[in-house]
Amino acid sequence: MIKVENLTKWFGTKLAVDDVSFSVEKGEILGFLGPNGAGKSTTMRMITGFYPPDKGSVSLGGFDIEKDPVAAKLMMGYLPENAPAYGDMTVQGFLKFVASLRAMTGLSLAKAVEEVIETCFLQSVRHQPIETLSKGYLHRTCFAQSIIHDPEILILDEPTDGLDPNQKHEVRNLIKRMGERKAIVLSTHILEEVDAVCTRVIIINQGKLVANGVPAELKARSKLAASVTLSVTGQAYTEIAAKLEQLDVVDSLVCLNESDGVCNVRALPSDDVKGDDLSAQVFGVAVTEGWKLTELHLNEGRLDDVFRDITTSDVDQG
Ligand SMILES: Nc1ncnc2c1ncn2[C@@H]1O[C@H](COP(=O)(O)OP(=O)(O)OP(=O)(O)O)[C@@H](O)[C@H]1O
Ligand SMILES: [Mg+2]
């Protein structure tokens, strides 16, 4: 549905997007991650035809955004960064206006506006001028304009930015539901959102694509992936370490905390050892030694560790 090939954008001497390629199929929700200034919004602006690329191409549902912009834009809804809208229109007036731009008329227009007001929880502000809306309601109004025509492709630049926790939850559920039958790209700085919503993740840093995979694959790259943490009551760290160090599956141990008779230890796996094997063997030692084990946890890895690793090492390399 979305095919991005070798997208490149310069602003003066600044290379904002550097040869980025990826594709998104129907049924996929792609999380677009990267530090501030990495080039996420610029890439999205090129995908949606807002900026022409200096190099590369974008095709939406088979239509080239530069050669066939009307057909490509008909397929797509776009929530831009900072949610721009016409301040002097009411929420309902703005949504009617957008629906008419999308060539809706009469009953179908009225129905689309009602549906989207309900889906985006805008009932209480429908007659309020946009310039008097709070940030969250403004964002939801702009979100509503992006989905009003039920497009097959959605490009959402930080869709939950500025929403309260309840609304974040609602909007994530909505995106998830829509993702089953659409191709969606969303940018975010909230890594838990990626876990909750996205089927695939790409990371962009200094304009370059530096990772592309399913969330579990990326998390598995974390240094903590497949490590085990355990809490033992009534044993000193030295006693615990002396036993666990004897296991071949253990590469190294870290004392995370030792106080009030409770010791928290992290065991990192040797090369090619699976987390399940490590936790089973650590558990076996605890049973044999009669330790009072209050917690045994297998870490699946953390996306924020991987994000920091990938995006800071690249900066170091200049
Ligand atoms: N219109 C413009 N003119 C000049 N430079 C620009 C313009 N738009 C973006 N840039 C620069 O391009 C780079 C990428 O910006 P972009 O807005 O795409 O980053 P981003 O990944 O969306 O960041 P954020 O997480 O802060 O939203 C930045 O260095 C930015 O200053
Ligand atoms: Mg941005």
# chains A, B, ... in the order shown; residues from 1 in each chain; ligands from 1
call {"tool": "residues_near_ligand", "arguments": {"ligand": "ligand 2", "cutoff": "7 Å", "atoms": "only C-alpha atoms and all ligand atoms", "output": "PDB file with C-alpha atoms, in the first residue's frame"}}
result
ATOM      1  CA  ASN A  36      14.002  14.996  17.787  1.00  0.00           C
ATOM      2  CA  GLY A  37      15.136  16.313  14.424  1.00  0.00           C
ATOM      3  CA  GLY A  39      13.605  13.438   9.940  1.00  0.00           C
ATOM      4  CA  LYS A  40      10.317  11.710  10.811  1.00  0.00           C
ATOM      5  CA  SER A  41       7.991  14.633  10.039  1.00  0.00           C
ATOM      6  CA  GLU A  81       2.561  17.570  13.344  1.00  0.00           C
ATOM      7  CA  ASP A 157       2.490  12.357  13.016  1.00  0.00           C
TER       8      ASP A 157
END
call {"tool": "residues_near_ligand", "arguments": {"ligand": "ligand 1", "cutoff": "12 Å", "atoms": "only C-alpha atoms and all ligand atoms", "output": "PyMOL selection string"}}
result
chain A and resi 8-18+32-47+50-52+80-82+156-159+161+186-190+203-209
call {"tool": "write_last_selection", "arguments": {"atoms": "C-alpha atoms", "output": "PDB file, in the first residue's frame"}}
result
ATOM      1  CA  THR A   8      16.055  12.174   0.228  1.00  0.00           C
ATOM      2  CA  LYS A   9      15.517  15.776   1.353  1.00  0.00           C
ATOM      3  CA  TRP A  10      17.983  18.628   1.769  1.00  0.00           C
ATOM      4  CA  PHE A  11      17.216  21.906   3.557  1.00  0.00           C
ATOM      5  CA  GLY A  12      20.046  24.143   2.332  1.00  0.00           C
ATOM      6  CA  THR A  13      23.176  22.247   3.311  1.00  0.00           C
ATOM      7  CA  LYS A  14      21.336  20.078   5.843  1.00  0.00           C
ATOM      8  CA  LEU A  15      20.541  16.547   4.751  1.00  0.00           C
ATOM      9  CA  ALA A  16      17.263  16.019   6.672  1.00  0.00           C
ATOM     10  CA  VAL A  17      16.277  12.664   5.095  1.00  0.00           C
ATOM     11  CA  ASP A  18      18.972  10.436   3.659  1.00  0.00           C
ATOM     12  CA  PHE A  32       8.203   5.491  13.108  1.00  0.00           C
ATOM     13  CA  LEU A  33      10.737   6.275  15.823  1.00  0.00           C
ATOM     14  CA  GLY A  34      13.707   8.587  16.062  1.00  0.00           C
ATOM     15  CA  PRO A  35      15.168  11.381  18.189  1.00  0.00           C
ATOM     16  CA  ASN A  36      14.002  14.996  17.787  1.00  0.00           C
ATOM     17  CA  GLY A  37      15.136  16.313  14.424  1.00  0.00           C
ATOM     18  CA  ALA A  38      15.763  12.810  13.018  1.00  0.00           C
ATOM     19  CA  GLY A  39      13.605  13.438   9.940  1.00  0.00           C
ATOM     20  CA  LYS A  40      10.317  11.710  10.811  1.00  0.00           C
ATOM     21  CA  SER A  41       7.991  14.633  10.039  1.00  0.00           C
ATOM     22  CA  THR A  42       9.952  15.519   6.909  1.00  0.00           C
ATOM     23  CA  THR A  43       9.615  11.937   5.651  1.00  0.00           C
ATOM     24  CA  MET A  44       5.884  12.011   6.388  1.00  0.00           C
ATOM     25  CA  ARG A  45       5.533  15.341   4.595  1.00  0.00           C
ATOM     26  CA  MET A  46       7.135  13.797   1.512  1.00  0.00           C
ATOM     27  CA  ILE A  47       4.940  10.682   1.741  1.00  0.00           C
ATOM     28  CA  PHE A  50       3.412  18.218   1.203  1.00  0.00           C
ATOM     29  CA  TYR A  51       7.113  18.479   0.244  1.00  0.00           C
ATOM     30  CA  PRO A  52       8.548  17.187  -3.021  1.00  0.00           C
ATOM     31  CA  PRO A  80       0.294  16.596  10.460  1.00  0.00           C
ATOM     32  CA  GLU A  81       2.561  17.570  13.344  1.00  0.00           C
ATOM     33  CA  ASN A  82       1.132  20.341  15.591  1.00  0.00           C
ATOM     34  CA  LEU A 156      -0.211  10.047  11.662  1.00  0.00           C
ATOM     35  CA  ASP A 157       2.490  12.357  13.016  1.00  0.00           C
ATOM     36  CA  GLU A 158       2.467  11.846  16.801  1.00  0.00           C
ATOM     37  CA  PRO A 159      -1.244  10.958  17.024  1.00  0.00           C
ATOM     38  CA  ASP A 161       0.676  13.901  21.527  1.00  0.00           C
ATOM     39  CA  LEU A 186       2.556   6.642  12.974  1.00  0.00           C
ATOM     40  CA  SER A 187       5.406   8.527  14.564  1.00  0.00           C
ATOM     41  CA  THR A 188       5.781   8.620  18.313  1.00  0.00           C
ATOM     42  CA  HIS A 189       8.230   9.241  21.130  1.00  0.00           C
ATOM     43  CA  ILE A 190       6.303   6.970  23.466  1.00  0.00           C
ATOM     44  CA  ILE A 203      14.048   3.818  13.621  1.00  0.00           C
ATOM     45  CA  ILE A 204      15.479   6.827  11.836  1.00  0.00           C
ATOM     46  CA  ASN A 205      18.496   8.762  13.089  1.00  0.00           C
ATOM     47  CA  GLN A 206      20.052  11.828  11.491  1.00  0.00           C
ATOM     48  CA  GLY A 207      17.917  11.216   8.420  1.00  0.00           C
ATOM     49  CA  LYS A 208      19.043   7.592   7.968  1.00  0.00           C
ATOM     50  CA  LEU A 209      17.015   4.460   8.501  1.00  0.00           C
TER      51      LEU A 209
END
call {"tool": "select_by_dssp", "arguments": {"residues": "stretch 33-212 of chain A", "states": "alpha helix (DSSP H)", "output": "VMD selection string"}}
result
chain A and resid 40 to 47 69 to 74 91 to 101 106 to 119 135 to 147 165 to 179 191 to 197
call {"tool": "select_by_dssp", "arguments": {"residues": "stretch 120-265 of chain A", "states": "strand (DSSP E)", "output": "ChimeraX atom specification"}}
result
/A:153-157,183-187,200-205,208-213,228-233,250-259,262-265
call {"tool": "residues_around", "arguments": {"residues": "stretch 265-277 of chain A", "least_positions_apart": "4", "cutoff": "8 Å", "atoms": "only C-alpha atoms", "output": "VMD selection string"}}
result
chain A and resid 224 to 231 237 248 to 257 281 298 to 299
call {"tool": "write_last_selection", "arguments": {"atoms": "N, CA and C atoms", "output": "tab-separated table (two decimals), in the first residue's frame"}}
result
chain	number	residue	atom	x	y	z
A	224	LEU	N	19.69	-6.38	27.87
A	224	LEU	CA	19.00	-7.09	28.96
A	224	LEU	C	18.15	-8.25	28.46
A	225	ALA	N	17.99	-8.37	27.14
A	225	ALA	CA	17.13	-9.42	26.62
A	225	ALA	C	17.67	-10.78	27.08
A	226	ALA	N	16.77	-11.64	27.50
A	226	ALA	CA	17.08	-13.00	27.94
A	226	ALA	C	17.85	-13.03	29.27
A	227	SER	N	17.96	-11.89	29.95
A	227	SER	CA	18.56	-11.93	31.29
A	227	SER	C	17.45	-12.27	32.30
A	228	VAL	N	17.90	-12.67	33.49
A	228	VAL	CA	16.95	-13.09	34.52
A	228	VAL	C	17.21	-12.26	35.77
A	229	THR	N	16.16	-11.73	36.38
A	229	THR	CA	16.36	-11.08	37.69
A	229	THR	C	15.67	-11.91	38.76
A	230	LEU	N	16.34	-12.00	39.91
A	230	LEU	CA	15.73	-12.77	40.99
A	230	LEU	C	15.87	-12.02	42.31
A	231	SER	N	14.89	-12.21	43.18
A	231	SER	CA	14.95	-11.64	44.53
A	231	SER	C	14.95	-12.80	45.51
A	237	TYR	N	24.50	-11.56	48.84
A	237	TYR	CA	24.84	-11.60	47.42
A	237	TYR	C	26.00	-12.57	47.16
A	248	ASP	N	27.09	-22.86	33.57
A	248	ASP	CA	27.64	-22.49	32.25
A	248	ASP	C	26.77	-21.46	31.53
A	249	VAL	N	25.44	-21.52	31.81
A	249	VAL	CA	24.52	-20.62	31.10
A	249	VAL	C	24.64	-19.17	31.57
A	250	VAL	N	25.34	-18.97	32.70
A	250	VAL	CA	25.46	-17.60	33.24
A	250	VAL	C	26.76	-16.97	32.73
A	251	ASP	N	26.63	-15.81	32.12
A	251	ASP	CA	27.82	-15.09	31.66
A	251	ASP	C	28.36	-14.21	32.79
A	252	SER	N	27.45	-13.43	33.41
A	252	SER	CA	27.89	-12.55	34.50
A	252	SER	C	26.71	-12.24	35.40
A	253	LEU	N	27.04	-11.73	36.58
A	253	LEU	CA	26.00	-11.41	37.57
A	253	LEU	C	26.16	-9.97	38.02
A	254	VAL	N	25.03	-9.35	38.34
A	254	VAL	CA	25.07	-7.98	38.85
A	254	VAL	C	24.20	-7.94	40.11
A	255	CYS	N	24.74	-7.34	41.18
A	255	CYS	CA	23.92	-7.14	42.38
A	255	CYS	C	23.16	-5.83	42.20
A	256	LEU	N	21.84	-5.93	42.05
A	256	LEU	CA	21.04	-4.72	41.81
A	256	LEU	C	20.73	-3.99	43.11
A	257	ASN	N	20.57	-4.77	44.18
A	257	ASN	CA	20.22	-4.16	45.46
A	257	ASN	C	20.36	-5.22	46.56
A	281	GLN	N	17.44	-22.95	34.87
A	281	GLN	CA	18.62	-23.41	35.64
A	281	GLN	C	18.80	-22.59	36.92
A	298	LEU	N	12.04	-13.21	33.82
A	298	LEU	CA	12.82	-13.29	32.57
A	298	LEU	C	12.58	-12.00	31.77
A	299	ASN	N	13.63	-11.26	31.48
A	299	ASN	CA	13.47	-9.98	30.77
A	299	ASN	C	13.42	-10.22	29.26
call {"tool": "residues_around", "arguments": {"residues": "stretch 122-133 of chain A", "least_positions_apart": "5", "cutoff": "10 Å", "atoms": "only C-alpha atoms", "output": "list in words"}}
result
Ala85, Tyr86, Gly87, Asp88, Met89, Thr90, Val91, Gln92, Gly93, Phe94, Leu95, Glu114, Val116, Ile117, Leu138, His139, Arg140, Thr141 and Ala144 of chain A
call {"tool": "write_last_selection", "arguments": {"atoms": "C-alpha atoms", "output": "mmCIF file, in the first residue's frame"}}
result
data_model
loop_
_atom_site.group_PDB
_atom_site.id
_atom_site.type_symbol
_atom_site.label_atom_id
_atom_site.label_comp_id
_atom_site.auth_asym_id
_atom_site.auth_seq_id
_atom_site.Cartn_x
_atom_site.Cartn_y
_atom_site.Cartn_z
ATOM 1 C CA ALA A 85 -6.694 23.758 11.584
ATOM 2 C CA TYR A 86 -8.757 26.882 10.861
ATOM 3 C CA GLY A 87 -9.151 28.676 14.196
ATOM 4 C CA ASP A 88 -12.328 30.609 13.429
ATOM 5 C CA MET A 89 -14.332 27.541 12.348
ATOM 6 C CA THR A 90 -16.272 25.466 14.856
ATOM 7 C CA VAL A 91 -15.275 21.818 15.212
ATOM 8 C CA GLN A 92 -18.384 20.683 13.352
ATOM 9 C CA GLY A 93 -17.981 23.395 10.699
ATOM 10 C CA PHE A 94 -14.359 22.384 10.109
ATOM 11 C CA LEU A 95 -15.232 18.695 9.819
ATOM 12 C CA GLU A 114 -21.527 12.499 13.021
ATOM 13 C CA VAL A 116 -16.200 10.949 13.349
ATOM 14 C CA ILE A 117 -17.460 13.294 16.132
ATOM 15 C CA LEU A 138 -7.559 20.385 18.979
ATOM 16 C CA HIS A 139 -5.482 17.271 18.383
ATOM 17 C CA ARG A 140 -8.572 15.076 18.359
ATOM 18 C CA THR A 141 -10.290 17.417 15.881
ATOM 19 C CA ALA A 144 -10.953 13.349 13.096
#
call {"tool": "residues_around", "arguments": {"residues": "A:Lys73", "least_positions_apart": "3", "cutoff": "9 Å", "atoms": "only C-alpha atoms", "output": "ChimeraX atom specification"}}
result
/A:48-49,60,63,65,68-70,76-77
call {"tool": "closest_residue", "arguments": {"among": "A:Lys292, A:Arg172, A:Lys219, A:Lys111", "to": "A:Arg308", "atoms": "only C-alpha atoms"}}
result
A:Lys219
call {"tool": "closest_atom_pairs", "arguments": {"of": "stretch 12-107 of chain A", "to": "stretch 147-151 of chain A", "cutoff": "12 Å", "atoms": "only C-alpha atoms", "output": "tab-separated table"}}
result
residue	atom	partner	partner_atom	distance
A:Lys26	CA	A:Pro151	CA	11.6
A:Leu60	CA	A:Pro151	CA	11.3
A:Gly61	CA	A:Pro151	CA	10.9
A:Ala71	CA	A:Pro151	CA	12.0
A:Ala72	CA	A:Pro151	CA	10.8
A:Lys73	CA	A:Pro151	CA	9.4
A:Leu74	CA	A:Pro151	CA	7.5
A:Met75	CA	A:Pro151	CA	5.4
A:Met76	CA	A:Pro151	CA	5.2
A:Gly77	CA	A:Pro151	CA	5.8
A:Tyr78	CA	A:Ile147	CA	8.1
A:Leu79	CA	A:Ile147	CA	8.9
A:Gln92	CA	A:Ile148	CA	11.9
A:Phe94	CA	A:Ile148	CA	11.3
A:Leu95	CA	A:Ile148	CA	7.8
A:Lys96	CA	A:Ile148	CA	9.5
A:Phe97	CA	A:Ile148	CA	10.9
A:Val98	CA	A:Ile148	CA	8.0
A:Ala99	CA	A:Ile148	CA	6.7
A:Ser100	CA	A:His149	CA	10.1
A:Leu101	CA	A:His149	CA	10.1
A:Arg102	CA	A:His149	CA	6.9
A:Ala103	CA	A:His149	CA	9.3
A:Met104	CA	A:His149	CA	8.4
A:Thr105	CA	A:His149	CA	11.8
call {"tool": "write_last_selection", "arguments": {"atoms": "C-alpha atoms", "output": "short mmCIF file (atom, residue, chain, number, x, y, z; two decimals), in the first residue's frame"}}
result
data_model
loop_
_atom_site.label_atom_id
_atom_site.label_comp_id
_atom_site.auth_asym_id
_atom_site.auth_seq_id
_atom_site.Cartn_x
_atom_site.Cartn_y
_atom_site.Cartn_z
CA LYS A 26 -2.48 -3.44 4.47
CA LEU A 60 0.35 5.09 -2.29
CA GLY A 61 -1.92 2.24 -3.31
CA ALA A 71 -5.41 9.62 -6.95
CA ALA A 72 -2.70 9.06 -4.32
CA LYS A 73 -4.16 11.65 -1.92
CA LEU A 74 -7.66 10.17 -2.26
CA MET A 75 -6.29 6.98 -0.71
CA MET A 76 -4.80 8.72 2.29
CA GLY A 77 -5.56 10.58 5.53
CA TYR A 78 -2.87 12.70 7.17
CA LEU A 79 -2.53 14.04 10.70
CA GLN A 92 -18.38 20.68 13.35
CA PHE A 94 -14.36 22.38 10.11
CA LEU A 95 -15.23 18.69 9.82
CA LYS A 96 -18.07 19.51 7.37
CA PHE A 97 -15.61 21.60 5.36
CA VAL A 98 -13.05 18.77 5.26
CA ALA A 99 -15.75 16.27 4.29
CA SER A 100 -16.82 18.54 1.42
CA LEU A 101 -13.18 18.80 0.27
CA ARG A 102 -13.22 15.02 0.24
CA ALA A 103 -16.14 15.30 -2.22
CA MET A 104 -18.81 14.14 0.21
CA THR A 105 -22.29 15.70 0.00
#
call {"tool": "residues_around", "arguments": {"residues": "A:Leu163", "least_positions_apart": "3", "cutoff": "8 Å", "atoms": "only C-alpha atoms", "output": "number ranges by chain"}}
result
A: 135-136, 139, 160, 166-168
call {"tool": "write_last_selection", "arguments": {"atoms": "C-alpha atoms", "output": "PDB file, in the first residue's frame"}}
result
ATOM      1  CA  LYS A 135      -4.605  21.144  23.087  1.00  0.00           C
ATOM      2  CA  GLY A 136      -6.035  17.635  23.430  1.00  0.00           C
ATOM      3  CA  HIS A 139      -5.482  17.271  18.383  1.00  0.00           C
ATOM      4  CA  THR A 160      -1.400  10.779  20.832  1.00  0.00           C
ATOM      5  CA  ASN A 166      -7.659   7.954  29.005  1.00  0.00           C
ATOM      6  CA  GLN A 167      -7.725   9.497  25.541  1.00  0.00           C
ATOM      7  CA  LYS A 168      -4.325   8.017  24.699  1.00  0.00           C
TER       8      LYS A 168
END
call {"tool": "atom_distance", "arguments": {"atom1": "atom CA of A:His169", "atom2": "atom CA of A:Ala83"}}
result
19.1 Å
call {"tool": "closest_residue", "arguments": {"among": "A:Thr233, A:Thr199, A:Gln246, A:Ser279", "to": "A:Glu28", "atoms": "only C-alpha atoms"}}
result
A:Thr199
call {"tool": "closest_atom_pairs", "arguments": {"of": "stretch 24-118 of chain A", "to": "stretch 191-198 of chain A", "cutoff": "8 Å", "atoms": "only C-alpha atoms", "output": "tab-separated table"}}
result
residue	atom	partner	partner_atom	distance
A:Glu28	CA	A:Cys198	CA	7.6
A:Ile29	CA	A:Cys198	CA	4.9
A:Leu30	CA	A:Cys198	CA	5.6
A:Gly31	CA	A:Cys198	CA	5.6
call {"tool": "residues_around", "arguments": {"residues": "A:Val306", "least_positions_apart": "6", "cutoff": "10 Å", "atoms": "only C-alpha atoms", "output": "MDAnalysis selection string"}}
result
chainID A and resid 211 218:224 312
call {"tool": "decode", "arguments": {"residues": "stretch 228-248 of chain A", "atoms": "N, CA and C atoms", "output": "compact mmCIF listing (two decimals), in the first residue's frame"}}
result
# COMPACT_ATOMS: atom_id res chain seq x y z
N VAL A 228 17.90 -12.67 33.49
CA VAL A 228 16.95 -13.09 34.52
C VAL A 228 17.21 -12.26 35.77
N THR A 229 16.16 -11.73 36.38
CA THR A 229 16.36 -11.08 37.69
C THR A 229 15.67 -11.91 38.76
N LEU A 230 16.34 -12.00 39.91
CA LEU A 230 15.73 -12.77 40.99
C LEU A 230 15.87 -12.02 42.31
N SER A 231 14.89 -12.21 43.18
CA SER A 231 14.95 -11.64 44.53
C SER A 231 14.95 -12.80 45.51
N VAL A 232 15.94 -12.76 46.39
CA VAL A 232 16.07 -13.84 47.38
C VAL A 232 16.09 -13.21 48.77
N THR A 233 15.30 -13.77 49.67
CA THR A 233 15.28 -13.27 51.06
C THR A 233 16.16 -14.17 51.92
N GLY A 234 17.03 -13.54 52.72
CA GLY A 234 17.80 -14.31 53.70
C GLY A 234 19.13 -14.84 53.20
N GLN A 235 19.59 -14.43 52.02
CA GLN A 235 20.92 -14.85 51.54
C GLN A 235 21.71 -13.59 51.15
N ALA A 236 23.01 -13.64 51.40
CA ALA A 236 23.86 -12.52 50.97
C ALA A 236 24.18 -12.67 49.49
N TYR A 237 24.50 -11.56 48.84
CA TYR A 237 24.84 -11.60 47.42
C TYR A 237 26.00 -12.57 47.16
N THR A 238 27.01 -12.54 48.03
CA THR A 238 28.18 -13.40 47.80
C THR A 238 27.79 -14.88 47.77
N GLU A 239 26.83 -15.26 48.64
CA GLU A 239 26.39 -16.67 48.69
C GLU A 239 25.64 -17.03 47.40
N ILE A 240 24.79 -16.10 46.96
CA ILE A 240 24.00 -16.36 45.74
C ILE A 240 24.94 -16.44 44.54
N ALA A 241 25.86 -15.46 44.47
CA ALA A 241 26.78 -15.40 43.33
C ALA A 241 27.65 -16.65 43.28
N ALA A 242 28.11 -17.11 44.43
CA ALA A 242 29.00 -18.28 44.46
C ALA A 242 28.34 -19.48 43.79
N LYS A 243 27.04 -19.64 43.96
CA LYS A 243 26.33 -20.78 43.36
C LYS A 243 26.02 -20.53 41.88
N LEU A 244 25.51 -19.34 41.58
CA LEU A 244 25.08 -19.09 40.18
C LEU A 244 26.26 -19.02 39.22
N GLU A 245 27.42 -18.54 39.72
CA GLU A 245 28.60 -18.43 38.85
C GLU A 245 29.03 -19.78 38.31
N GLN A 246 28.63 -20.84 39.00
CA GLN A 246 29.04 -22.18 38.55
C GLN A 246 28.26 -22.66 37.32
N LEU A 247 27.17 -21.97 37.01
CA LEU A 247 26.35 -22.39 35.85
C LEU A 247 27.00 -21.93 34.54
N ASP A 248 27.09 -22.86 33.57
CA ASP A 248 27.64 -22.49 32.25
C ASP A 248 26.77 -21.46 31.53
